[in-house]
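K.L.:
Sending over run23.txt (compact mmCIF, C-alpha atoms and all ligand atoms).
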# COMPACT_ATOMS: atom_id res chain seq x y z
CA MET A 37 -17.20 -97.57 -24.33
CA LYS A 38 -18.42 -100.50 -22.22
CA ASN A 39 -19.47 -103.71 -23.93
CA GLN A 40 -16.63 -103.35 -26.33
CA LYS A 41 -14.54 -106.47 -26.76
CA ILE A 42 -10.90 -105.95 -25.89
CA ILE A 43 -9.80 -109.60 -25.76
CA GLU A 44 -11.32 -112.61 -27.43
CA LEU A 45 -10.37 -116.25 -26.91
CA ILE A 46 -11.61 -118.58 -29.62
CA ASN A 47 -11.55 -122.35 -28.97
CA ILE A 48 -8.35 -122.22 -26.97
CA SER A 49 -6.78 -125.49 -25.85
CA LYS A 50 -3.44 -126.01 -24.18
CA PHE A 51 -1.74 -129.36 -23.74
CA TYR A 52 1.46 -129.43 -21.72
CA PRO A 53 4.01 -132.02 -22.87
CA GLY A 54 3.66 -135.23 -20.86
CA ASN A 55 0.17 -134.36 -19.57
CA GLU A 56 -2.69 -136.30 -21.06
CA LYS A 57 -5.31 -133.96 -19.70
CA PRO A 58 -5.39 -130.50 -21.25
CA GLY A 59 -4.43 -127.52 -19.07
CA ILE A 60 -7.10 -125.60 -20.98
CA ASN A 61 -9.86 -127.40 -22.82
CA ASN A 62 -11.50 -125.56 -25.72
CA VAL A 63 -12.25 -122.28 -23.97
CA SER A 64 -13.98 -119.41 -25.77
CA LEU A 65 -14.35 -116.14 -23.93
CA ASN A 66 -14.82 -112.42 -24.56
CA ILE A 67 -13.41 -109.82 -22.21
CA GLN A 68 -15.01 -106.37 -22.32
CA ARG A 69 -13.06 -103.14 -22.13
CA GLY A 70 -13.08 -101.70 -18.60
CA GLU A 71 -14.46 -104.75 -16.81
CA ILE A 72 -13.01 -106.77 -13.97
CA LEU A 73 -13.29 -110.41 -14.94
CA VAL A 74 -12.58 -112.70 -12.02
CA LEU A 75 -11.53 -116.33 -12.55
CA VAL A 76 -12.16 -118.78 -9.72
CA GLY A 77 -11.63 -122.51 -9.70
CA SER A 78 -9.90 -125.41 -7.99
CA SER A 79 -6.15 -125.74 -7.93
CA GLY A 80 -4.97 -127.01 -11.30
CA SER A 81 -8.12 -125.90 -13.14
CA GLY A 82 -6.13 -123.76 -15.61
CA LYS A 83 -6.39 -120.19 -14.30
CA THR A 84 -2.68 -119.35 -14.42
CA THR A 85 -2.33 -121.07 -17.78
CA LEU A 86 -5.10 -118.90 -19.20
CA LEU A 87 -3.46 -115.68 -17.96
CA LYS A 88 -0.05 -116.74 -19.22
CA MET A 89 -1.38 -117.38 -22.71
CA LEU A 90 -2.68 -113.83 -22.84
CA ASN A 91 0.76 -112.30 -22.61
CA ARG A 92 2.41 -115.23 -24.39
CA LEU A 93 4.32 -116.69 -21.47
CA GLU A 94 2.62 -119.86 -22.74
CA GLU A 95 1.40 -120.62 -26.25
CA PRO A 96 -1.96 -122.32 -26.88
CA THR A 97 -1.84 -125.69 -28.63
CA SER A 98 -4.83 -124.68 -30.74
CA GLY A 99 -7.29 -121.84 -31.13
CA ALA A 100 -6.79 -118.10 -31.47
CA ILE A 101 -6.55 -115.10 -29.17
CA LEU A 102 -7.48 -111.67 -30.51
CA ILE A 103 -6.59 -108.37 -28.89
CA ASN A 104 -8.52 -105.40 -30.20
CA GLY A 105 -9.59 -107.66 -33.06
CA LYS A 106 -6.03 -108.60 -34.09
CA ASP A 107 -4.36 -111.97 -33.63
CA ILE A 108 -2.07 -111.89 -30.60
CA LYS A 109 0.72 -113.37 -32.75
CA SER A 110 0.83 -110.25 -34.87
CA TYR A 111 1.93 -108.16 -31.85
CA ASN A 112 5.51 -107.75 -30.79
CA VAL A 113 5.96 -109.86 -27.62
CA ASN A 114 7.69 -107.10 -25.64
CA GLU A 115 5.05 -104.62 -26.68
CA LEU A 116 2.41 -107.06 -25.48
CA ARG A 117 4.07 -107.83 -22.13
CA ARG A 118 5.10 -104.33 -21.22
CA GLY A 119 2.81 -102.15 -23.28
CA PHE A 120 -0.55 -103.83 -23.32
CA PHE A 121 -0.52 -106.02 -20.20
CA GLY A 122 0.69 -105.40 -16.68
CA TYR A 123 1.16 -108.68 -14.81
CA VAL A 124 1.07 -109.37 -11.10
CA PHE A 125 2.39 -112.88 -10.51
CA GLN A 126 0.96 -115.53 -8.22
CA LYS A 127 4.21 -115.33 -6.26
CA ILE A 128 4.99 -111.65 -6.08
CA GLY A 129 8.28 -111.89 -7.97
CA LEU A 130 9.94 -108.73 -6.67
CA PHE A 131 13.74 -108.59 -6.72
CA PRO A 132 14.98 -108.91 -3.12
CA HIS A 133 18.39 -107.34 -3.83
CA MET A 134 16.77 -104.16 -5.16
CA THR A 135 14.99 -101.35 -3.34
CA VAL A 136 11.30 -100.59 -3.78
CA LYS A 137 12.14 -97.77 -6.19
CA GLU A 138 14.49 -99.94 -8.23
CA ASN A 139 11.93 -102.74 -8.45
CA ILE A 140 9.46 -100.39 -10.11
CA GLU A 141 11.98 -98.43 -12.09
CA ILE A 142 13.39 -101.50 -13.80
CA VAL A 143 10.28 -101.80 -15.95
CA LEU A 144 10.70 -98.19 -17.09
CA ARG A 145 14.40 -98.71 -17.78
CA LEU A 146 13.55 -101.58 -20.09
CA ASP A 147 11.42 -99.10 -22.00
CA ASN A 148 14.34 -96.64 -22.13
CA LYS A 149 12.47 -93.91 -20.30
CA PRO A 150 14.68 -90.97 -19.24
CA ILE A 151 15.70 -90.74 -15.59
CA ILE A 152 13.58 -87.67 -14.78
CA PHE A 153 10.50 -89.39 -16.13
CA ARG A 154 11.34 -92.57 -14.19
CA GLU A 155 11.78 -90.82 -10.86
CA LYS A 156 8.55 -88.89 -11.23
CA LYS A 157 6.61 -91.95 -12.28
CA VAL A 158 7.90 -94.08 -9.39
CA ARG A 159 6.83 -91.40 -6.89
CA GLU A 160 3.40 -91.14 -8.50
CA LEU A 161 2.90 -94.89 -8.42
CA LEU A 162 3.99 -95.25 -4.81
CA ASP A 163 1.69 -92.38 -3.83
CA PHE A 164 -1.13 -93.99 -5.74
CA MET A 165 -0.62 -97.26 -3.88
CA ARG A 166 -0.45 -95.29 -0.60
CA LEU A 167 3.19 -96.05 0.10
CA SER A 168 4.97 -92.80 0.91
CA PRO A 169 7.99 -92.62 -1.48
CA ASN A 170 10.13 -90.99 1.21
CA VAL A 171 9.41 -93.73 3.71
CA TYR A 172 9.44 -96.76 1.44
CA GLY A 173 11.33 -95.88 -1.72
CA ASN A 174 14.79 -96.87 -0.53
CA ARG A 175 13.85 -99.92 1.50
CA TYR A 176 14.70 -103.42 0.37
CA ILE A 177 11.83 -105.83 -0.26
CA ASN A 178 12.50 -107.92 2.87
CA GLN A 179 12.09 -104.74 4.92
CA LEU A 180 8.40 -104.59 3.95
CA SER A 181 5.34 -106.39 5.28
CA GLY A 182 3.52 -108.85 3.02
CA GLY A 183 0.79 -106.31 2.24
CA GLU A 184 3.34 -103.61 1.42
CA GLN A 185 5.11 -106.02 -0.91
CA GLN A 186 1.83 -106.73 -2.68
CA ARG A 187 1.33 -102.98 -3.15
CA VAL A 188 4.78 -102.68 -4.71
CA GLY A 189 3.85 -105.59 -7.01
CA VAL A 190 0.76 -103.75 -8.15
CA ALA A 191 2.68 -100.45 -8.53
CA ARG A 192 5.18 -102.23 -10.76
CA ALA A 193 2.40 -103.71 -12.88
CA LEU A 194 1.03 -100.18 -13.34
CA ALA A 195 4.37 -98.65 -14.32
CA THR A 196 3.93 -99.06 -18.05
CA ASP A 197 0.42 -97.58 -18.25
CA SER A 198 -0.82 -100.79 -19.80
CA GLU A 199 -4.46 -101.02 -20.78
CA CYS A 200 -5.03 -104.32 -19.13
CA LEU A 201 -3.88 -105.90 -15.86
CA LEU A 202 -3.45 -109.62 -15.31
CA MET A 203 -3.53 -110.38 -11.59
CA ASP A 204 -2.87 -113.95 -10.47
CA GLU A 205 -3.92 -114.33 -6.83
CA PRO A 206 -2.18 -111.09 -6.00
CA PHE A 207 -3.45 -110.98 -2.42
CA GLY A 208 -2.93 -114.62 -1.44
CA ALA A 209 -1.82 -115.16 2.14
CA LEU A 210 -2.76 -111.73 3.45
CA ASP A 211 -4.81 -111.00 6.53
CA ALA A 212 -8.44 -110.03 5.97
CA VAL A 213 -7.97 -106.32 6.74
CA THR A 214 -5.01 -105.79 4.39
CA ARG A 215 -6.77 -107.82 1.75
CA CYS A 216 -9.86 -105.67 2.02
CA GLU A 217 -7.77 -102.48 1.71
CA LEU A 218 -6.02 -103.78 -1.40
CA GLN A 219 -9.32 -104.86 -2.96
CA ASP A 220 -10.49 -101.28 -2.49
CA GLU A 221 -7.33 -100.11 -4.32
CA ILE A 222 -8.22 -102.37 -7.23
CA LEU A 223 -11.72 -100.92 -7.45
CA ARG A 224 -10.18 -97.43 -7.34
CA LEU A 225 -7.81 -98.40 -10.13
CA LYS A 226 -10.67 -99.56 -12.26
CA GLU A 227 -12.64 -96.37 -11.68
CA ASN A 228 -9.79 -93.87 -11.95
CA LEU A 229 -7.55 -95.45 -14.54
CA LYS A 230 -10.24 -97.32 -16.50
CA LYS A 231 -8.21 -100.50 -16.60
CA THR A 232 -9.49 -103.82 -17.82
CA ILE A 233 -8.53 -106.36 -15.17
CA ILE A 234 -8.43 -110.15 -15.21
CA PHE A 235 -8.14 -111.28 -11.64
CA VAL A 236 -7.61 -114.82 -10.32
CA THR A 237 -8.61 -115.75 -6.78
CA HIS A 238 -9.62 -118.67 -4.58
CA ASP A 239 -11.65 -116.39 -2.35
CA ILE A 240 -15.33 -116.26 -3.32
CA SER A 241 -16.05 -113.11 -1.32
CA GLU A 242 -13.16 -111.40 -3.14
CA ALA A 243 -14.66 -112.59 -6.45
CA PHE A 244 -18.06 -111.19 -5.48
CA LYS A 245 -16.62 -107.86 -4.39
CA LEU A 246 -14.41 -107.26 -7.41
CA GLY A 247 -15.94 -109.11 -10.34
CA ASP A 248 -18.22 -107.49 -12.88
CA ARG A 249 -18.33 -111.05 -14.15
CA ILE A 250 -17.01 -114.25 -12.65
CA GLY A 251 -15.76 -117.26 -14.60
CA VAL A 252 -15.78 -120.57 -12.74
CA MET A 253 -13.04 -122.91 -13.99
CA GLN A 254 -12.83 -126.66 -13.56
CA ASN A 255 -10.59 -129.17 -15.41
CA GLY A 256 -9.48 -126.63 -17.99
CA ASN A 257 -13.03 -125.52 -18.81
CA ILE A 258 -15.02 -122.46 -17.94
CA GLU A 259 -18.06 -124.11 -16.37
CA GLN A 260 -20.02 -120.90 -16.14
CA LEU A 261 -19.42 -117.22 -16.74
CA GLY A 262 -21.71 -114.51 -15.48
CA THR A 263 -22.45 -111.91 -12.86
CA LYS A 264 -22.54 -112.84 -9.20
CA GLU A 265 -26.35 -112.78 -9.34
CA GLN A 266 -26.49 -115.06 -12.39
CA LEU A 267 -24.12 -117.58 -10.81
CA CYS A 268 -25.88 -117.59 -7.46
CA GLU A 269 -29.42 -117.67 -8.81
CA PHE A 270 -28.93 -119.86 -11.87
CA PRO A 271 -25.91 -122.12 -11.31
CA LYS A 272 -25.49 -124.35 -14.34
CA THR A 273 -23.64 -127.20 -12.62
CA PRO A 274 -23.52 -128.74 -9.13
CA PHE A 275 -19.91 -127.53 -8.83
CA VAL A 276 -20.91 -123.90 -9.43
CA GLU A 277 -23.87 -124.24 -7.09
CA GLN A 278 -21.73 -125.57 -4.26
CA LEU A 279 -18.98 -123.07 -4.85
CA MET A 280 -21.39 -120.15 -4.67
CA ARG A 281 -22.87 -121.51 -1.47
CA THR A 282 -19.81 -122.57 0.45
CA GLY A 283 -16.67 -121.33 -1.32
CA PHE A 284 -13.64 -123.64 -1.47
CA ARG A 285 -13.49 -124.48 2.20
CA THR A 286 -15.68 -127.60 2.36
N1 LIG B 1 4.72 -125.97 -17.16
C1 LIG B 1 3.84 -126.98 -17.01
N2 LIG B 1 4.12 -128.21 -17.46
C2 LIG B 1 3.23 -129.22 -17.35
N3 LIG B 1 2.02 -129.09 -16.80
C3 LIG B 1 1.69 -127.88 -16.32
C4 LIG B 1 2.57 -126.77 -16.39
N4 LIG B 1 1.97 -125.67 -15.84
C5 LIG B 1 0.76 -126.11 -15.44
N5 LIG B 1 0.59 -127.41 -15.72
C6 LIG B 1 -0.63 -128.22 -15.46
O1 LIG B 1 -1.74 -127.60 -16.09
C7 LIG B 1 -2.87 -127.62 -15.25
C8 LIG B 1 -3.35 -126.20 -14.99
O2 LIG B 1 -2.37 -125.51 -14.21
P1 LIG B 1 -2.52 -124.00 -13.75
O3 LIG B 1 -1.23 -123.58 -13.16
O4 LIG B 1 -3.04 -123.22 -14.89
O5 LIG B 1 -3.66 -124.14 -12.63
P2 LIG B 1 -4.28 -123.03 -11.65
O6 LIG B 1 -5.74 -123.07 -11.87
O7 LIG B 1 -3.57 -121.76 -11.80
O8 LIG B 1 -3.97 -123.68 -10.21
P3 LIG B 1 -3.62 -122.97 -8.81
O9 LIG B 1 -4.94 -122.52 -8.25
O10 LIG B 1 -3.04 -124.11 -8.00
O11 LIG B 1 -2.66 -121.87 -9.05
C9 LIG B 1 -2.45 -128.38 -13.98
O12 LIG B 1 -2.87 -129.70 -14.13
C10 LIG B 1 -0.94 -128.27 -13.98
O13 LIG B 1 -0.36 -129.38 -13.36
MG MG B 2 -2.35 -120.61 -10.54
If you took the structure in this file and wrote it as structure tokens, what would it be?
P.N.:
Amino acid sequence: MKNQKIIELINISKFYPGNEKPGINNVSLNIQRGEILVLVGSSGSGKTTLLKMLNRLEEPTSGAILINGKDIKSYNVNELRRGFFGYVFQKIGLFPHMTVKENIEIVLRLDNKPIIFREKKVRELLDFMRLSPNVYGNRYINQLSGGEQQRVGVARALATDSECLLMDEPFGALDAVTRCELQDEILRLKENLKKTIIFVTHDISEAFKLGDRIGVMQNGNIEQLGTKEQLCEFPKTPFVEQLMRTGFRT
């Protein structure tokens, strides 16, 4: 089951109107079923753009993306966004005027799931993310801590039983302890639910902990892709070498 390609990017470039420099510059990449692929890179290096092209929130200017061997354009967009991919945004994107339950349920409503199914599923997801449904279900989003909000964001991304999760800095701005707990949840998700996860972070220790492979992005390119050991022992560029040694903080 491992080593089976689930997503393939072939010579993908993305130019945004008015920008001379490409957001993504001729990237080719295979993502294996069941792996956690972590993308790290400076601000503006193209990480969010790459994720957005996968569920067609952005279209590449050139190149092709295949999912299970089929061109992404041959899939129905809604099917892709709600069926195949779950997406946790860089900014959490929960609806403040809705309760925790409603925030998760809305995804299931869009799929016309019956109410009994929806209620059961919401409880399961909250339990899975270790948020007691009785305590948290009816609270509004601003009545939650940052870490609890992030958990709701992940629960919502899981609601549609998608095969693949796209997570764009989902734990930004959290304290180290909460972050560590949520990283453990992600590893649990991978083990228990066998998800394929593409995870963006600025935190090198998070990349090392979660990534089966790590892709280092710079100026719209993937400078190097490999395991933690490969990147640390055989960095291909000075940028990768420095990043592995010191992270982004120097
Ligand atoms: N909608 C847009 N229109 C024009 N340019 C854009 C747009 N979105 C992103 N860009 C540009 O494309 C490049 C890549 O942006 P992207 O958001 O993918 O970076 P990122 O690696 O996610 O950065 P960060 O770590 O800050 O989130 C940047 O130069 C950015 O300014
Ligand atoms: Mg980004």
K.L.:
If we count all atoms listed in the file and set the cut-off at 9 Å, which residues sit around A:Lys245, ignoring sequence neighbours fewer than 4 positions away in its own chain? Please answer as number ranges by chain.
P.N.:
A: 219, 240-241
K.L.:
So, with all atoms listed in the file as the atoms that count, which of A:Lys83, A:Lys109, A:Arg92, A:Lys41 lies closest to A:Gly256?
P.N.:
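Residue with the minimum atom-to-atom distance to A:Gly256: A:Lys83.
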K.L.:
Let me see if you get this right: every residue at most 7 Å from ligand LIG 1 (chain B), counting all atoms listed in the file, written as an mmCIF file with C-alpha atoms, in the frame of the given file.
P.N.:
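selection-v9.cif, freshly written:
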data_model
loop_
_atom_site.group_PDB
_atom_site.id
_atom_site.type_symbol
_atom_site.label_atom_id
_atom_site.label_comp_id
_atom_site.auth_asym_id
_atom_site.auth_seq_id
_atom_site.Cartn_x
_atom_site.Cartn_y
_atom_site.Cartn_z
ATOM 1 C CA TYR A 52 1.460 -129.430 -21.720
ATOM 2 C CA PRO A 53 4.010 -132.020 -22.870
ATOM 3 C CA GLY A 54 3.660 -135.230 -20.860
ATOM 4 C CA ASN A 55 0.170 -134.360 -19.570
ATOM 5 C CA PRO A 58 -5.390 -130.500 -21.250
ATOM 6 C CA GLY A 59 -4.430 -127.520 -19.070
ATOM 7 C CA GLY A 77 -11.630 -122.510 -9.700
ATOM 8 C CA SER A 78 -9.900 -125.410 -7.990
ATOM 9 C CA SER A 79 -6.150 -125.740 -7.930
ATOM 10 C CA GLY A 80 -4.970 -127.010 -11.300
ATOM 11 C CA SER A 81 -8.120 -125.900 -13.140
ATOM 12 C CA GLY A 82 -6.130 -123.760 -15.610
ATOM 13 C CA LYS A 83 -6.390 -120.190 -14.300
ATOM 14 C CA THR A 84 -2.680 -119.350 -14.420
ATOM 15 C CA THR A 85 -2.330 -121.070 -17.780
ATOM 16 C CA LEU A 86 -5.100 -118.900 -19.200
ATOM 17 C CA GLY A 256 -9.480 -126.630 -17.990
#
K.L.:
If you measure from atom CA of A:Val143 to atom CA of A:Glu160, what distance in Å do you get, rounded to one decimal?
P.N.:
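Interatomic distance, atom CA of A:Val143 to atom CA of A:Glu160: 14.7 Å.
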K.L.:
Considering all atoms listed in the file, can you say which of A:Met253, A:Met280, A:Leu65, A:Leu45 comes closest to ligand MG 2 (chain B)?
P.N.:
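Answer, going by the shortest atom-to-atom distance: A:Met253.
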K.L.:
Please compute the atom CA of A:Arg159-atom CA of A:Gln186 distance, one decimal, in Å.
P.N.:
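Computed distance, atom CA of A:Arg159 to atom CA of A:Gln186, equals 16.7 Å.
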K.L.:
Which residue gives the smallest distance to A:Asn104 among A:Ala212, A:Leu90, A:Ala191, A:Ile43, with only C-alpha atoms counted?
P.N.:
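Among A:Ala212, A:Leu90, A:Ala191, A:Ile43, it is A:Ile43 that comes nearest to A:Asn104.
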K.L.:
A:Gln260, A:Thr282, A:Thr237, A:Asn148: which is nearest ligand MG 2 (chain B), counting only C-alpha atoms and all ligand atoms?
P.N.:
A:Thr237
K.L.:
In Å, rounded to a single decimal, give me how far atom CA of A:Gly189 is from atom CA of A:Thr214.
P.N.:
14.4 Å
K.L.:
Find, counting all atoms listed in the file, the residue in A:Val136, A:Gly208, A:Lys156, A:Pro274 that gets nearest to A:Leu180.
P.N.:
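Closest to A:Leu180, using all atoms listed in the file: A:Val136.
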K.L.:
Could you check which of A:Asn114, A:Gln126, A:Asn62, A:Asn91 is closest to ligand MG 2 (chain B), using all atoms listed in the file?
P.N.:
A:Gln126
K.L.:
In the coordinate frame of the file, compute which residues have an atom within 6 Å of (-14.4, -103.9, -15.7) when using only C-alpha atoms, and state them as a list of chain:residue names.
P.N.:
A:Gly70, A:Glu71, A:Ile72, A:Thr232, A:Asp248
K.L.:
Could you turn the residues from that selection into a file that holds C-alpha atoms, as a compact mmCIF listing (two decimals), in the frame of the given file?
P.N.:
# COMPACT_ATOMS: atom_id res chain seq x y z
CA GLY A 70 -13.08 -101.70 -18.60
CA GLU A 71 -14.46 -104.75 -16.81
CA ILE A 72 -13.01 -106.77 -13.97
CA THR A 232 -9.49 -103.82 -17.82
CA ASP A 248 -18.22 -107.49 -12.88
K.L.:
Would you mind listing what lies within 7 Å of A:Phe125 as a PDB file with C-alpha atoms, in the frame of the given file, with only C-alpha atoms counted and same-chain residues fewer than 3 positions away left out?
P.N.:
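Printed below is around-v5.pdb as written:
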ATOM      1  CA  ILE A 128       4.990-111.650  -6.080  1.00  0.00           C
ATOM      2  CA  GLY A 129       8.280-111.890  -7.970  1.00  0.00           C
ATOM      3  CA  MET A 203      -3.530-110.380 -11.590  1.00  0.00           C
ATOM      4  CA  ASP A 204      -2.870-113.950 -10.470  1.00  0.00           C
ATOM      5  CA  PRO A 206      -2.180-111.090  -6.000  1.00  0.00           C
TER       6      PRO A 206
END
K.L.:
Skipping near chain neighbours, those fewer than 4 positions away, what residues fall within 8 Å of A:Ala193 using all atoms listed in the file, listed as a list in words?
P.N.:
Gly122, Tyr123, Val124, Gly189 and Leu201 of chain A
K.L.:
Residues of stretch 56-132 of chain A within 12 Å of stretch 264-269 of chain A: nearest atom pair and distance (Å, one decimal) for each, counting all atoms listed in the file, sorted by chain and number, as a Markdown table?
P.N.:
| residue | atom | partner | partner_atom | distance |
| --- | --- | --- | --- | --- |
| A:Leu73 | CA | A:Lys264 | CA | 11.2 |
| A:Val74 | CA | A:Lys264 | CA | 10.4 |
| A:Val76 | CA | A:Lys264 | CA | 12.0 |
K.L.:
Using the file's own x, y and z axes, what box holds all listed atoms of stretch 274-284 of chain A with 4 Å on each side, keeping edges along x, y and z, and what are its centre and edge lengths in Å to one decimal, as AutoDock Vina command-line options?
P.N.:
--center_x -18.8 --center_y -124.4 --center_z -4.5 --size_x 18.2 --size_y 16.6 --size_z 17.9
K.L.:
Mind dumping stretch 127-154 of chain A from that block, keeping N, CA and C atoms, as an mmCIF file, in the first residue's frame?
P.N.:
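The resulting decode-v2.cif:
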data_model
loop_
_atom_site.group_PDB
_atom_site.id
_atom_site.type_symbol
_atom_site.label_atom_id
_atom_site.label_comp_id
_atom_site.auth_asym_id
_atom_site.auth_seq_id
_atom_site.Cartn_x
_atom_site.Cartn_y
_atom_site.Cartn_z
ATOM 1 N N LYS A 127 -5.282 30.653 8.112
ATOM 2 C CA LYS A 127 -6.059 31.287 9.188
ATOM 3 C C LYS A 127 -7.252 30.362 9.357
ATOM 4 N N ILE A 128 -7.604 30.052 10.583
ATOM 5 C CA ILE A 128 -8.450 28.887 10.832
ATOM 6 C C ILE A 128 -9.741 28.879 10.006
ATOM 7 N N GLY A 129 -10.365 30.068 9.869
ATOM 8 C CA GLY A 129 -11.533 30.135 8.977
ATOM 9 C C GLY A 129 -12.798 29.500 9.525
ATOM 10 N N LEU A 130 -12.939 29.479 10.861
ATOM 11 C CA LEU A 130 -14.204 28.989 11.425
ATOM 12 C C LEU A 130 -15.208 30.140 11.430
ATOM 13 N N PHE A 131 -16.491 29.800 11.420
ATOM 14 C CA PHE A 131 -17.519 30.849 11.408
ATOM 15 C C PHE A 131 -17.824 31.290 12.832
ATOM 16 N N PRO A 132 -17.552 32.565 13.165
ATOM 17 C CA PRO A 132 -17.692 32.998 14.558
ATOM 18 C C PRO A 132 -19.141 33.027 15.046
ATOM 19 N N HIS A 133 -20.098 33.194 14.106
ATOM 20 C CA HIS A 133 -21.500 33.301 14.522
ATOM 21 C C HIS A 133 -22.150 31.927 14.652
ATOM 22 N N MET A 134 -21.371 30.873 14.468
ATOM 23 C CA MET A 134 -21.909 29.511 14.601
ATOM 24 C C MET A 134 -21.252 28.807 15.779
ATOM 25 N N THR A 135 -21.941 27.823 16.317
ATOM 26 C CA THR A 135 -21.369 27.034 17.409
ATOM 27 C C THR A 135 -20.350 26.041 16.835
ATOM 28 N N VAL A 136 -19.643 25.390 17.746
ATOM 29 C CA VAL A 136 -18.675 24.370 17.349
ATOM 30 C C VAL A 136 -19.367 23.296 16.495
ATOM 31 N N LYS A 137 -20.496 22.799 17.013
ATOM 32 C CA LYS A 137 -21.237 21.762 16.278
ATOM 33 C C LYS A 137 -21.605 22.227 14.877
ATOM 34 N N GLU A 138 -22.159 23.458 14.814
ATOM 35 C CA GLU A 138 -22.617 23.972 13.513
ATOM 36 C C GLU A 138 -21.462 24.150 12.532
ATOM 37 N N ASN A 139 -20.305 24.562 13.064
ATOM 38 C CA ASN A 139 -19.133 24.735 12.203
ATOM 39 C C ASN A 139 -18.719 23.435 11.531
ATOM 40 N N ILE A 140 -18.879 22.338 12.235
ATOM 41 C CA ILE A 140 -18.486 21.047 11.654
ATOM 42 C C ILE A 140 -19.617 20.506 10.774
ATOM 43 N N GLU A 141 -20.824 20.708 11.289
ATOM 44 C CA GLU A 141 -21.992 20.141 10.610
ATOM 45 C C GLU A 141 -22.209 20.734 9.218
ATOM 46 N N ILE A 142 -21.784 21.977 9.060
ATOM 47 C CA ILE A 142 -22.065 22.666 7.798
ATOM 48 C C ILE A 142 -21.481 21.903 6.604
ATOM 49 N N VAL A 143 -20.338 21.289 6.817
ATOM 50 C CA VAL A 143 -19.706 20.532 5.736
ATOM 51 C C VAL A 143 -20.588 19.328 5.366
ATOM 52 N N LEU A 144 -21.198 18.735 6.378
ATOM 53 C CA LEU A 144 -22.028 17.546 6.139
ATOM 54 C C LEU A 144 -23.367 17.930 5.512
ATOM 55 N N ARG A 145 -23.842 19.114 5.887
ATOM 56 C CA ARG A 145 -25.077 19.635 5.272
ATOM 57 C C ARG A 145 -24.889 19.833 3.774
ATOM 58 N N LEU A 146 -23.721 20.381 3.430
ATOM 59 C CA LEU A 146 -23.444 20.625 2.006
ATOM 60 C C LEU A 146 -23.484 19.318 1.231
ATOM 61 N N ASP A 147 -23.178 18.221 1.915
ATOM 62 C CA ASP A 147 -23.211 16.913 1.276
ATOM 63 C C ASP A 147 -24.574 16.224 1.435
ATOM 64 N N ASN A 148 -25.548 16.998 1.946
ATOM 65 C CA ASN A 148 -26.910 16.478 2.128
ATOM 66 C C ASN A 148 -26.995 15.225 2.983
ATOM 67 N N LYS A 149 -26.172 15.171 4.015
ATOM 68 C CA LYS A 149 -26.252 14.018 4.921
ATOM 69 C C LYS A 149 -27.445 14.207 5.852
ATOM 70 N N PRO A 150 -28.170 13.117 6.176
ATOM 71 C CA PRO A 150 -29.332 13.249 7.057
ATOM 72 C C PRO A 150 -28.929 13.657 8.483
ATOM 73 N N ILE A 151 -29.895 14.253 9.182
ATOM 74 C CA ILE A 151 -29.570 14.867 10.484
ATOM 75 C C ILE A 151 -29.012 13.857 11.500
ATOM 76 N N ILE A 152 -29.539 12.653 11.500
ATOM 77 C CA ILE A 152 -29.060 11.659 12.482
ATOM 78 C C ILE A 152 -27.591 11.333 12.224
ATOM 79 N N PHE A 153 -27.272 11.182 10.963
ATOM 80 C CA PHE A 153 -25.885 10.926 10.578
ATOM 81 C C PHE A 153 -25.001 12.095 11.020
ATOM 82 N N ARG A 154 -25.490 13.321 10.769
ATOM 83 C CA ARG A 154 -24.682 14.511 11.064
ATOM 84 C C ARG A 154 -24.382 14.605 12.553
#
